[in-house]
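So this block is run.pdb, PDB, C-alpha atoms:
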```
ATOM      1  CA  MET A   1     119.583  12.377   4.974  1.00  0.00           C
ATOM      2  CA  ARG A   2     119.993  16.128   5.202  1.00  0.00           C
ATOM      3  CA  VAL A   3     119.314  19.183   7.306  1.00  0.00           C
ATOM      4  CA  ILE A   4     116.484  21.074   5.628  1.00  0.00           C
ATOM      5  CA  SER A   5     116.978  24.672   6.743  1.00  0.00           C
ATOM      6  CA  GLY A   6     119.017  27.084   8.809  1.00  0.00           C
ATOM      7  CA  SER A   7     122.770  27.420   9.242  1.00  0.00           C
ATOM      8  CA  LEU A   8     123.354  23.738   8.380  1.00  0.00           C
ATOM      9  CA  LYS A   9     120.953  23.721   5.415  1.00  0.00           C
ATOM     10  CA  GLY A  10     121.908  21.007   2.960  1.00  0.00           C
ATOM     11  CA  ARG A  11     124.427  19.284   5.265  1.00  0.00           C
ATOM     12  CA  ARG A  12     124.143  15.548   4.790  1.00  0.00           C
ATOM     13  CA  PHE A  13     124.562  12.760   7.295  1.00  0.00           C
ATOM     14  CA  SER A  14     124.370   9.078   6.522  1.00  0.00           C
ATOM     15  CA  PRO A  15     123.534   6.510   9.154  1.00  0.00           C
ATOM     16  CA  PRO A  16     124.813   3.002   8.368  1.00  0.00           C
ATOM     17  CA  LYS A  17     122.461   0.845   6.293  1.00  0.00           C
ATOM     18  CA  SER A  18     122.056  -1.478   9.283  1.00  0.00           C
ATOM     19  CA  PHE A  19     120.527   1.366  11.315  1.00  0.00           C
ATOM     20  CA  LYS A  20     117.179   0.375  12.807  1.00  0.00           C
ATOM     21  CA  ALA A  21     115.847   3.910  13.265  1.00  0.00           C
ATOM     22  CA  ARG A  22     112.930   5.177  11.175  1.00  0.00           C
ATOM     23  CA  PRO A  23     113.816   8.812  10.515  1.00  0.00           C
ATOM     24  CA  THR A  24     111.146  11.448  10.107  1.00  0.00           C
ATOM     25  CA  THR A  25     110.606  12.067   6.400  1.00  0.00           C
ATOM     26  CA  ASP A  26     111.826  15.347   4.922  1.00  0.00           C
ATOM     27  CA  ILE A  27     108.266  16.357   3.982  1.00  0.00           C
ATOM     28  CA  ALA A  28     106.937  15.724   7.491  1.00  0.00           C
ATOM     29  CA  LYS A  29     109.982  17.374   9.087  1.00  0.00           C
ATOM     30  CA  GLU A  30     109.690  20.473   6.898  1.00  0.00           C
ATOM     31  CA  SER A  31     105.973  20.760   7.613  1.00  0.00           C
ATOM     32  CA  LEU A  32     106.540  20.373  11.351  1.00  0.00           C
ATOM     33  CA  PHE A  33     109.202  23.081  11.392  1.00  0.00           C
ATOM     34  CA  ASN A  34     106.985  25.423   9.354  1.00  0.00           C
ATOM     35  CA  ILE A  35     104.309  25.048  12.054  1.00  0.00           C
ATOM     36  CA  LEU A  36     106.796  25.536  14.884  1.00  0.00           C
ATOM     37  CA  GLY A  37     108.490  28.480  13.177  1.00  0.00           C
ATOM     38  CA  ASN A  38     105.153  30.271  12.844  1.00  0.00           C
ATOM     39  CA  ARG A  39     104.187  29.658  16.486  1.00  0.00           C
ATOM     40  CA  LEU A  40     107.443  29.917  18.421  1.00  0.00           C
ATOM     41  CA  ASP A  41     110.763  31.715  18.552  1.00  0.00           C
ATOM     42  CA  LEU A  42     112.910  28.620  18.057  1.00  0.00           C
ATOM     43  CA  GLU A  43     116.104  30.380  19.148  1.00  0.00           C
ATOM     44  CA  GLU A  44     114.739  30.847  22.664  1.00  0.00           C
ATOM     45  CA  LEU A  45     113.531  27.288  23.278  1.00  0.00           C
ATOM     46  CA  VAL A  46     114.877  24.608  25.583  1.00  0.00           C
ATOM     47  CA  ILE A  47     114.321  21.349  23.675  1.00  0.00           C
ATOM     48  CA  LEU A  48     114.112  17.677  24.671  1.00  0.00           C
ATOM     49  CA  ASP A  49     114.370  15.190  21.789  1.00  0.00           C
ATOM     50  CA  LEU A  50     113.352  11.727  23.039  1.00  0.00           C
ATOM     51  CA  PHE A  51     113.985   8.541  21.064  1.00  0.00           C
ATOM     52  CA  SER A  52     116.407  10.563  18.934  1.00  0.00           C
ATOM     53  CA  GLY A  53     117.263   7.788  16.469  1.00  0.00           C
ATOM     54  CA  THR A  54     119.536   9.443  13.910  1.00  0.00           C
ATOM     55  CA  GLY A  55     119.454  12.796  15.733  1.00  0.00           C
ATOM     56  CA  SER A  56     117.823  14.406  12.711  1.00  0.00           C
ATOM     57  CA  LEU A  57     115.408  16.583  14.684  1.00  0.00           C
ATOM     58  CA  SER A  58     118.110  17.719  17.103  1.00  0.00           C
ATOM     59  CA  TYR A  59     120.322  18.819  14.192  1.00  0.00           C
ATOM     60  CA  GLU A  60     117.370  20.628  12.611  1.00  0.00           C
ATOM     61  CA  PHE A  61     116.599  22.495  15.844  1.00  0.00           C
ATOM     62  CA  ALA A  62     120.279  23.451  16.227  1.00  0.00           C
ATOM     63  CA  SER A  63     120.474  24.563  12.594  1.00  0.00           C
ATOM     64  CA  ARG A  64     117.513  26.871  13.192  1.00  0.00           C
ATOM     65  CA  GLY A  65     119.134  28.593  16.156  1.00  0.00           C
ATOM     66  CA  CYS A  66     118.207  26.512  19.201  1.00  0.00           C
ATOM     67  CA  SER A  67     121.147  26.370  21.569  1.00  0.00           C
ATOM     68  CA  ASP A  68     119.823  24.180  24.411  1.00  0.00           C
ATOM     69  CA  ILE A  69     118.893  20.747  23.067  1.00  0.00           C
ATOM     70  CA  THR A  70     118.927  17.491  25.003  1.00  0.00           C
ATOM     71  CA  SER A  71     118.980  14.417  22.776  1.00  0.00           C
ATOM     72  CA  VAL A  72     118.110  11.058  24.365  1.00  0.00           C
ATOM     73  CA  GLU A  73     118.733   7.745  22.607  1.00  0.00           C
ATOM     74  CA  PHE A  74     118.952   4.273  24.157  1.00  0.00           C
ATOM     75  CA  ASN A  75     120.514   2.272  21.311  1.00  0.00           C
ATOM     76  CA  TYR A  76     124.298   2.436  21.669  1.00  0.00           C
ATOM     77  CA  ARG A  77     124.998   2.454  17.898  1.00  0.00           C
ATOM     78  CA  HIS A  78     122.470   5.232  17.332  1.00  0.00           C
ATOM     79  CA  PHE A  79     123.796   7.203  20.303  1.00  0.00           C
ATOM     80  CA  THR A  80     127.366   6.880  18.991  1.00  0.00           C
ATOM     81  CA  PHE A  81     126.223   8.046  15.543  1.00  0.00           C
ATOM     82  CA  ILE A  82     124.507  11.081  17.120  1.00  0.00           C
ATOM     83  CA  LYS A  83     127.616  11.959  19.155  1.00  0.00           C
ATOM     84  CA  ASN A  84     129.832  11.685  16.056  1.00  0.00           C
ATOM     85  CA  THR A  85     127.470  13.799  13.951  1.00  0.00           C
ATOM     86  CA  ILE A  86     127.262  16.460  16.671  1.00  0.00           C
ATOM     87  CA  LYS A  87     131.040  16.639  16.594  1.00  0.00           C
ATOM     88  CA  GLU A  88     131.188  16.664  12.781  1.00  0.00           C
ATOM     89  CA  PHE A  89     128.611  19.487  12.619  1.00  0.00           C
ATOM     90  CA  GLU A  90     130.349  21.346  15.494  1.00  0.00           C
ATOM     91  CA  LEU A  91     127.187  21.369  17.625  1.00  0.00           C
ATOM     92  CA  GLU A  92     128.797  20.391  20.950  1.00  0.00           C
ATOM     93  CA  LYS A  93     127.688  23.668  22.556  1.00  0.00           C
ATOM     94  CA  LYS A  94     124.090  23.262  21.408  1.00  0.00           C
ATOM     95  CA  ILE A  95     123.224  19.560  21.750  1.00  0.00           C
ATOM     96  CA  LYS A  96     123.763  17.434  24.858  1.00  0.00           C
ATOM     97  CA  PRO A  97     123.429  13.741  23.944  1.00  0.00           C
ATOM     98  CA  PHE A  98     122.429  11.146  26.548  1.00  0.00           C
ATOM     99  CA  LYS A  99     122.450   7.385  26.160  1.00  0.00           C
ATOM    100  CA  ALA A 100     119.406   6.508  28.206  1.00  0.00           C
ATOM    101  CA  ASP A 101     116.062   4.786  28.213  1.00  0.00           C
ATOM    102  CA  ALA A 102     113.563   7.590  27.493  1.00  0.00           C
ATOM    103  CA  PHE A 103     111.096   6.420  30.155  1.00  0.00           C
ATOM    104  CA  LYS A 104     113.771   6.331  32.861  1.00  0.00           C
ATOM    105  CA  PHE A 105     115.214   9.657  31.680  1.00  0.00           C
ATOM    106  CA  VAL A 106     111.913  11.528  32.027  1.00  0.00           C
ATOM    107  CA  LYS A 107     111.335  10.069  35.505  1.00  0.00           C
ATOM    108  CA  LYS A 108     114.736  11.252  36.762  1.00  0.00           C
ATOM    109  CA  CYS A 109     114.945  14.543  34.864  1.00  0.00           C
ATOM    110  CA  ASN A 110     114.330  17.695  36.891  1.00  0.00           C
ATOM    111  CA  GLN A 111     114.702  20.227  34.070  1.00  0.00           C
ATOM    112  CA  LYS A 112     111.854  22.106  32.363  1.00  0.00           C
ATOM    113  CA  PHE A 113     111.569  22.154  28.578  1.00  0.00           C
ATOM    114  CA  ASP A 114     109.710  24.503  26.256  1.00  0.00           C
ATOM    115  CA  LEU A 115     109.312  21.812  23.636  1.00  0.00           C
ATOM    116  CA  ILE A 116     109.528  18.050  23.983  1.00  0.00           C
ATOM    117  CA  PHE A 117     109.562  15.949  20.839  1.00  0.00           C
ATOM    118  CA  ALA A 118     109.249  12.152  20.965  1.00  0.00           C
ATOM    119  CA  ASP A 119     109.569   9.809  18.008  1.00  0.00           C
ATOM    120  CA  PRO A 120     109.469   6.308  19.509  1.00  0.00           C
ATOM    121  CA  PRO A 121     109.698   3.240  17.290  1.00  0.00           C
ATOM    122  CA  PHE A 122     106.192   2.703  15.947  1.00  0.00           C
ATOM    123  CA  ASP A 123     106.318  -0.941  17.101  1.00  0.00           C
ATOM    124  CA  LEU A 124     107.363  -0.066  20.669  1.00  0.00           C
ATOM    125  CA  LYS A 125     105.224  -2.191  23.018  1.00  0.00           C
ATOM    126  CA  THR A 126     104.859   0.698  25.474  1.00  0.00           C
ATOM    127  CA  PHE A 127     104.158   3.315  22.777  1.00  0.00           C
ATOM    128  CA  ASP A 128     100.763   4.273  24.227  1.00  0.00           C
ATOM    129  CA  ASN A 129     102.454   5.093  27.555  1.00  0.00           C
ATOM    130  CA  VAL A 130     104.689   7.803  26.073  1.00  0.00           C
ATOM    131  CA  PRO A 131     102.311  10.788  26.492  1.00  0.00           C
ATOM    132  CA  ASN A 132     101.681  10.071  30.176  1.00  0.00           C
ATOM    133  CA  ALA A 133     105.344   9.275  30.827  1.00  0.00           C
ATOM    134  CA  VAL A 134     106.269  12.709  29.510  1.00  0.00           C
ATOM    135  CA  LEU A 135     103.327  14.767  30.754  1.00  0.00           C
ATOM    136  CA  ASP A 136     103.006  13.216  34.231  1.00  0.00           C
ATOM    137  CA  ASN A 137     106.616  14.044  35.102  1.00  0.00           C
ATOM    138  CA  ASP A 138     106.129  17.832  34.968  1.00  0.00           C
ATOM    139  CA  LEU A 139     108.857  18.448  32.388  1.00  0.00           C
ATOM    140  CA  LEU A 140     107.036  21.082  30.332  1.00  0.00           C
ATOM    141  CA  SER A 141     107.479  24.766  31.069  1.00  0.00           C
ATOM    142  CA  ALA A 142     104.305  26.802  31.655  1.00  0.00           C
ATOM    143  CA  ASP A 143     103.571  27.306  27.949  1.00  0.00           C
ATOM    144  CA  GLY A 144     105.429  24.203  26.800  1.00  0.00           C
ATOM    145  CA  ILE A 145     104.423  21.881  23.996  1.00  0.00           C
ATOM    146  CA  PHE A 146     104.865  18.128  23.724  1.00  0.00           C
ATOM    147  CA  ILE A 147     104.806  16.638  20.212  1.00  0.00           C
ATOM    148  CA  LEU A 148     104.508  12.899  19.621  1.00  0.00           C
ATOM    149  CA  GLU A 149     105.257  11.441  16.201  1.00  0.00           C
ATOM    150  CA  HIS A 150     103.193   8.339  15.479  1.00  0.00           C
ATOM    151  CA  SER A 151     101.673   6.289  12.709  1.00  0.00           C
ATOM    152  CA  ASP A 152      98.215   6.746  11.259  1.00  0.00           C
ATOM    153  CA  LYS A 153      97.184   3.640  13.212  1.00  0.00           C
ATOM    154  CA  LYS A 154      97.316   5.515  16.550  1.00  0.00           C
ATOM    155  CA  SER A 155      95.102   8.266  17.895  1.00  0.00           C
ATOM    156  CA  PHE A 156      95.627  10.296  21.051  1.00  0.00           C
ATOM    157  CA  GLU A 157      92.660  12.605  20.598  1.00  0.00           C
ATOM    158  CA  SER A 158      90.990  11.322  23.784  1.00  0.00           C
ATOM    159  CA  HIS A 159      94.001  12.226  25.940  1.00  0.00           C
ATOM    160  CA  PRO A 160      93.054  15.064  28.328  1.00  0.00           C
ATOM    161  CA  ARG A 161      96.029  17.221  27.298  1.00  0.00           C
ATOM    162  CA  PHE A 162      95.708  16.590  23.543  1.00  0.00           C
ATOM    163  CA  GLN A 163      95.444  19.780  21.464  1.00  0.00           C
ATOM    164  CA  GLU A 164      95.614  18.842  17.795  1.00  0.00           C
ATOM    165  CA  VAL A 165      97.022  16.425  15.254  1.00  0.00           C
ATOM    166  CA  LYS A 166      98.829  17.241  12.019  1.00  0.00           C
ATOM    167  CA  LYS A 167      98.850  14.524   9.368  1.00  0.00           C
ATOM    168  CA  TYR A 168     101.435  14.002   6.633  1.00  0.00           C
ATOM    169  CA  GLY A 169     100.629  10.751   4.883  1.00  0.00           C
ATOM    170  CA  LYS A 170     101.158   7.934   7.359  1.00  0.00           C
ATOM    171  CA  VAL A 171     103.112  10.180   9.745  1.00  0.00           C
ATOM    172  CA  HIS A 172     101.098  12.049  12.359  1.00  0.00           C
ATOM    173  CA  PHE A 173     102.199  14.610  14.922  1.00  0.00           C
ATOM    174  CA  SER A 174      99.992  14.881  18.001  1.00  0.00           C
ATOM    175  CA  PHE A 175     100.405  18.098  19.990  1.00  0.00           C
ATOM    176  CA  PHE A 176      99.861  18.184  23.757  1.00  0.00           C
ATOM    177  CA  GLU A 177     100.043  21.042  26.268  1.00  0.00           C
TER     178      GLU A 177
END
```

Conversion result in structure tokens:
Amino acid sequence: MRVISGSLKGRRFSPPKSFKARPTTDIAKESLFNILGNRLDLEELVILDLFSGTGSLSYEFASRGCSDITSVEFNYRHFTFIKNTIKEFELEKKIKPFKADAFKFVKKCNQKFDLIFADPPFDLKTFDNVPNAVLDNDLLSADGIFILEHSDKKSFESHPRFQEVKKYGKVHFSFFE
């Protein structure tokens, strides 16, 4: 795996083969960041990365100038990998990792975020609860955006705060405000 753009462009990180995370593909990640880069000043954003997995999105945000990123991962092995990669990439001042259940984290969190990204395991039994868990806890700043990565088998278009969906093969990003 690699960081696609920014100050860490080309830096590689390799999770162990036994890793259970399903990282966002490079094509989908690049497309997502092209959209975000055209809409937002990434350097000014306060970011929450839920279900961080490998930490790939957090590293990409940091590489593109974001300096206030909270990365939440429940799996201890994944969390340890993220912490080690943050240290290796010297991102300790930009990314704050938390080992926590994402649902419990959003309930207890009292910070506002400009952008919240969630990439839960596609087979998560409570997957459909993620949008409400995030949006009902008043974590978004006034003009904030919540992005949910999901498979082509899910649709959130009937959600009252749904804005749009971007599709990249079997990977979809639903945007909420």

> Which residues come within 9 Å of A:Lys99, counting only C-alpha atoms, excluding same-chain residues fewer than 4 positions away, as an NGL selection string?
Replying inline: :A and (71-76 or 79-80)

>> With all atoms listed in the file as the counted atoms, please give the residues lying no more than 6 Å from stretch 116-118 of chain A, apart from itself and same-chain residues fewer than 5 positions off, as a list in words.
In response: Ile47, Leu48, Asp49, Leu50, Phe51, Phe146, Ile147 and Leu148 of chain A

For this structure, which residues satisfy the selection - the PyMOL selection byres ((chain A and resi 131) around 9) - when it is evaluated on the file as given? I want them as a PDB file with C-alpha atoms, in the coordinates of the input.
```pdb
ATOM      1  CA  ALA A 118     109.249  12.152  20.965  1.00  0.00           C
ATOM      2  CA  PHE A 127     104.158   3.315  22.777  1.00  0.00           C
ATOM      3  CA  ASP A 128     100.763   4.273  24.227  1.00  0.00           C
ATOM      4  CA  ASN A 129     102.454   5.093  27.555  1.00  0.00           C
ATOM      5  CA  VAL A 130     104.689   7.803  26.073  1.00  0.00           C
ATOM      6  CA  ASN A 132     101.681  10.071  30.176  1.00  0.00           C
ATOM      7  CA  ALA A 133     105.344   9.275  30.827  1.00  0.00           C
ATOM      8  CA  VAL A 134     106.269  12.709  29.510  1.00  0.00           C
ATOM      9  CA  LEU A 135     103.327  14.767  30.754  1.00  0.00           C
ATOM     10  CA  ASP A 136     103.006  13.216  34.231  1.00  0.00           C
ATOM     11  CA  PHE A 146     104.865  18.128  23.724  1.00  0.00           C
ATOM     12  CA  ILE A 147     104.806  16.638  20.212  1.00  0.00           C
ATOM     13  CA  LEU A 148     104.508  12.899  19.621  1.00  0.00           C
ATOM     14  CA  PHE A 156      95.627  10.296  21.051  1.00  0.00           C
ATOM     15  CA  HIS A 159      94.001  12.226  25.940  1.00  0.00           C
ATOM     16  CA  PHE A 176      99.861  18.184  23.757  1.00  0.00           C
TER      17      PHE A 176
END
```

> Any chance you could work out the residue set of the PyMOL selection byres ((chain A and resi 149) around 10) here, as a ChimeraX atom specification?
Replying inline: /A:24,28,117-122,147-148,150-152,154,165-167,171-175

>> Evaluate the PyMOL selection byres ((chain A and resi 20) around 10) against this structure - the residues, as a list in words, please.
In response: Pro15, Pro16, Lys17, Ser18, Phe19, Ala21, Arg22, Pro23, Gly53, Thr54, Asn75, Arg77, His78 and Pro121 of chain A

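Our summary of the geometry notes that atom CA of A:Glu164 is positioned 15.6 Å from atom CA of A:Asn34.
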
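Of the listed residues (A:Lys9, A:Ala142, A:Val106, A:Lys153), A:Lys153 comes nearest to A:Asp123; the distances count all atoms listed in the file.
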
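Our summary of the geometry notes that atom CA of A:Ser155 is positioned 24.1 Å from atom CA of A:Ser56.
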
> Which residue, A:Leu57, A:Ala62, A:Ile69, A:Cys109, has the smallest gap to A:Asp138 when you use only C-alpha atoms?
Replying inline: A:Cys109

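Atom CA of A:Ser58 is found 12.2 Å from atom CA of A:Arg2.
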
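The closest residue to A:Asp143, picked from A:Met1, A:Cys66, A:Leu32, A:Leu115 and counting all atoms listed in the file, is A:Leu115.
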
> Hey, which of A:Leu40, A:Phe103, A:Ile4, A:Phe81 ends up closest to A:Gly55? Count all atoms listed in the file.
Replying inline: A:Phe81

> Quick one: residues within 10 Å of A:Leu91, all atoms listed in the file counted, chain neighbours fewer than 4 positions away excluded, as a VMD selection string?
Replying inline: chain A and resid 58 to 59 62 to 63 67 69 83 85 to 87 95 to 96

>> Counting all atoms listed in the file, which residue out of A:Asp101, A:Glu90, A:Glu30, A:Asp114 sits closest to A:Leu42?
In response: A:Asp114

> Of the candidates A:Phe105, A:Tyr168, A:Phe98, A:Phe61, which shows the shortest atom-to-atom distance to A:Leu36, using only C-alpha atoms?
Replying inline: A:Phe61

Report, as lines of an AutoDock Vina configuration file, the centre and edge lengths in Å (one decimal) of the axis-aligned box enclosing every listed atom of stretch 102-113 of chain A, padded by 4 Å on each side.
```
center_x = 113.2
center_y = 14.2
center_z = 32.2
size_x = 12.1
size_y = 23.8
size_z = 17.4
```
